[in-house]
Amino acid sequence: MNDDSVPDVPLAFVSNSYLDELTNNIRSRPIPWDGYKSADLISEDELDLLKKIDKQSSEQLKMVMRKDAEKYSELYVTLLEKLKRPDTVQHILIFVSDMLSDDEQRVKFFHKISEKDANLPYRTFLNLFNVDDEFVPLMSAKILTLLIVSAPKALPFDLDEFFRWITLKLKSNNPNVYDLAVQILDSTLRVPSYRLKLWEVSQAVDTLVNLLKVRNPTPQMQYQIIFCFWLLTFEREISMEFNKKYDLVPTLINIAKAAIKEKIIRVIIGTFRNLVDKAPEANLPAMLVAKLLNFCENLSSRKWSDNEIVEDIEFLKDRLQENFHSLTTFDEYASEISSGMLQWSPPHESDQFWRQNVAKLNEKDYELLRILARLLSQSNDNIVLAIAAHDLGQYVKYYPNGKKFLQEIGAKQRIMELMTHDDPEVRYRALIAVQKYMTHAWV
Amino acid sequence: MSHHTRALNDEEVLNEMKKMVAFINQEAIEKAREIKVKADEEFNIEKAKLVRQESNNIEATYQRKIKQAEIQKKITQSNVINKSRLKLLQARQQYLEEVFNETVSQLIKVPQDNVKYRDILKNLILQGLYQLMDEQVKVIVKKSDVDLANNAIQAASQNYKETTKRDIIVEIDKENNLPDDSAGGVILTSHFGRIRINNTLEERLVLAQEELLPEIRVLLFGHSPNRKHFH
């Protein structure tokens, strides 16, 4: 089913009304090319070529490009190299942009130029980043983006420079500017080899995360930033470190919960899917702690107009459930208790776990119970106290015969003491534990 | 309070429609891009898998070929070694044959020393008598050796009787003789020719060849370089 009327997905998709407005303003201030010829700034041939496309209709442009695209790509680069006046440069950039947005395939003629001189045309556009003008750097960046993502072989310049400039733009106070910067990344990161490059450029991802968390982006901006993250997480190395470095999972869950637009949830779930796909060991535990499983169950009960999101949600749910069950092994629990570093890991709150494993706490002369009791008495960490109290409550709930032992080792007294502890969570857990203790007291 | 509701004019309607179209277009491109990204990733994974499979296949084929070449090389080496060993053996065999042939031709000179030859005859006869342990023995000799033989017989019989304390009659066989071109020696028979002992010089030489072959080999070629044990 080959339907040529359906256009291809653009390789570089960078535009906003701000850039459009700047462009239109520049278009309305024409350049006197004849004057340039008289001043010997351009040649007769160059003037002819320019006349054929300057201020012409789009049909005219198409006709000209059909025959002479190669000539024009060379012309534009040559002019950009030799003419430095801001308004001239602005116009030529618009010519380039018009040529490429009409048909992205024409970018191959620009790549051809690099066969004669490795610096051209990439360095040409790269150098324009430094021009002191609102429009020129942005438009150059947009054009360079297309060049970068369509490059037939390795580029002869270091992308670090490019990414560092983008990072700078991400920090801009002008939302229009950082909008374009994020869009540029959305296009650039589609190329797998550039993803690790960006990840390594210092502050690039930091700035993106900051944009998302702190600077209160619009929904469209949220989507664009998370789209970047989605692209980045296709690389295993990045998926292994992303959450650890930026605590991404809870952040994205919160955004997804508050999101109105389906595409934001879509791209968040896609990111989660990648994290699980590429680095499950690094991410599943954190996801379980962040209660992603609950959220997924919630999501899967909703109606979605999109098939992919349903698939991704089901995938996540399955993997989370699988992992949840494998994590509630008694050995994991025992090693956690023995280490003294109690966390709200899955076993603690799983009724199934307690039902199956409660008797094991009595093994080896009540080894684990003694540890819990000791932690309860000696620890200064409120989380540890809360969890220990909670666990002992679960113990007596599922093994009432253990009450006597807890009393003997003074654990019962200690729990009751904790009901008046400073920390509300500790008080709460102690109270619930005492409640469990007291239930069945009439048995 | 001013009303903001009124019918939109054509231009405004067109503008609104343009905005909606732009919005739908944007959403569509974004979704299409997501699909493309997923498709590209799946393609890359599949391609990597196929490349890996094929490289493994090529690697395996290559290893097989190397092994085959090594085996072939070993076979060729082995063949070459065998050939040269055969040549060596053949050359040595030739030398041995030359030695033996030379010896055979020397054999004829033995009887030239009468005294020694008589002694030889006596010992050959005596050995035969011991082997036969019979009462009557006939001795076949060359016609030209008859006299010497009679002498030898006497001495041998004497020895035999002393050693075994038995009596024996030893006679020269008058009907049979060794051929004239024989080097010499005796053939002893008993029981009407039913038991024979061949003690001709030729026969003795053959026996000597067989027994002494190992020593001769060492004399000619030295010990085998691989040999570890010696008596």
# chains A, B, ... in the order shown; residues from 1 in each chain; ligands from 1
call {"tool": "closest_atom_pairs", "arguments": {"of": "chain B", "to": "chain A", "cutoff": "12 Å", "atoms": "only C-alpha atoms", "output": "CSV"}}
result
residue,atom,partner,partner_atom,distance
B:Lys19,CA,A:Ser17,CA,11.9
B:Ala22,CA,A:Asn16,CA,11.5
B:Phe23,CA,A:Gln220,CA,11.5
B:Asn25,CA,A:Pro7,CA,11.5
B:Gln26,CA,A:Phe13,CA,9.9
B:Glu27,CA,A:Lys263,CA,8.6
B:Ala28,CA,A:Val9,CA,9.7
B:Ile29,CA,A:Val9,CA,6.7
B:Glu30,CA,A:Val9,CA,8.8
B:Lys31,CA,A:Lys263,CA,8.1
B:Ala32,CA,A:Val9,CA,6.5
B:Arg33,CA,A:Val9,CA,6.0
B:Glu34,CA,A:Val267,CA,8.6
B:Ile35,CA,A:Glu308,CA,8.9
B:Lys36,CA,A:Val9,CA,7.5
B:Val37,CA,A:Arg190,CA,6.9
B:Lys38,CA,A:Leu231,CA,9.6
B:Ala39,CA,A:Arg190,CA,11.6
B:Asp40,CA,A:Arg190,CA,9.1
B:Glu41,CA,A:Phe234,CA,8.0
B:Glu42,CA,A:Phe234,CA,10.7
B:Asn44,CA,A:Pro192,CA,9.6
B:Ile45,CA,A:Phe234,CA,10.9
call {"tool": "select_by_dssp", "arguments": {"residues": "region 9-219 of chain B", "states": "strand (DSSP E or B)", "output": "list in words"}}
result
Gln136, Val137, Lys138, Val139, Ile140, Lys142, Ile169, Val170, Glu171, Ile172, Leu178, Gly185, Val186, Ile187, Leu188, Thr189, Ser190, Ile195, Arg196, Ile197, Asn198, Asn199 and Thr200 of chain B
call {"tool": "residues_around", "arguments": {"residues": "Arg66 (chain A)", "least_positions_apart": "3", "cutoff": "12 Å", "atoms": "only C-alpha atoms", "output": "list in words"}}
result
Glu59, Gln60, Leu61, Lys62, Met63, Ala69, Glu70, Lys71, Tyr72, Met99, Asp102, Asp103, Gln105 and Arg106 of chain A
call {"tool": "write_last_selection", "arguments": {"atoms": "C-alpha atoms", "output": "PDB file, in the first residue's frame"}}
result
ATOM      1  CA  GLU A  59       5.957  26.869  -7.955  1.00  0.00           C
ATOM      2  CA  GLN A  60       8.774  28.888  -9.463  1.00  0.00           C
ATOM      3  CA  LEU A  61      11.063  27.770  -6.683  1.00  0.00           C
ATOM      4  CA  LYS A  62      10.192  24.121  -7.302  1.00  0.00           C
ATOM      5  CA  MET A  63      10.892  24.451 -11.017  1.00  0.00           C
ATOM      6  CA  ALA A  69      19.505  22.480  -6.764  1.00  0.00           C
ATOM      7  CA  GLU A  70      23.179  21.634  -6.785  1.00  0.00           C
ATOM      8  CA  LYS A  71      24.125  25.055  -8.134  1.00  0.00           C
ATOM      9  CA  TYR A  72      22.059  26.800  -5.506  1.00  0.00           C
ATOM     10  CA  MET A  99      14.961  25.305  -0.314  1.00  0.00           C
ATOM     11  CA  ASP A 102      10.118  22.513   0.464  1.00  0.00           C
ATOM     12  CA  ASP A 103      11.949  19.204   0.023  1.00  0.00           C
ATOM     13  CA  GLN A 105      15.893  15.479   0.159  1.00  0.00           C
ATOM     14  CA  ARG A 106      17.699  18.480  -1.284  1.00  0.00           C
TER      15      ARG A 106
END
call {"tool": "atom_distance", "arguments": {"atom1": "CA of Val205 (chain A)", "atom2": "CA of Val177 (chain A)"}}
result
17.0 Å
call {"tool": "select_by_dssp", "arguments": {"residues": "region 6-228 of chain B", "states": "alpha helix (DSSP H)", "output": "ChimeraX atom specification"}}
result
/B:10-107,114-132,146-164,201-221
call {"tool": "atom_distance", "arguments": {"atom1": "CA of Tyr246 (chain A)", "atom2": "CA of Asp423 (chain A)"}}
result
27.9 Å
call {"tool": "residues_around", "arguments": {"residues": "Val139 (chain B)", "least_positions_apart": "6", "cutoff": "7 Å", "atoms": "only C-alpha atoms", "output": "PyMOL selection string"}}
result
chain B and resi 171-173+186-189
call {"tool": "residues_around", "arguments": {"residues": "Ala141 (chain A)", "least_positions_apart": "4", "cutoff": "8 Å", "atoms": "only C-alpha atoms", "output": "list in words"}}
result
Phe125, Leu126, Phe129, Pro137, Thr145 and Ile184 of chain A
call {"tool": "residues_around", "arguments": {"residues": "Leu248 (chain A)", "least_positions_apart": "2", "cutoff": "10 Å", "atoms": "only C-alpha atoms", "output": "list in words"}}
result
Val209, Lys213, Phe229, Phe242, Asn243, Lys244, Lys245, Tyr246, Pro250, Thr251, Leu252, Ile253, Phe272, Ala286 and Met287 of chain A
call {"tool": "residues_around", "arguments": {"residues": "Leu406 (chain A)", "least_positions_apart": "5", "cutoff": "9 Å", "atoms": "only C-alpha atoms", "output": "number ranges by chain"}}
result
A: 369-370, 373, 392, 396, 411-413
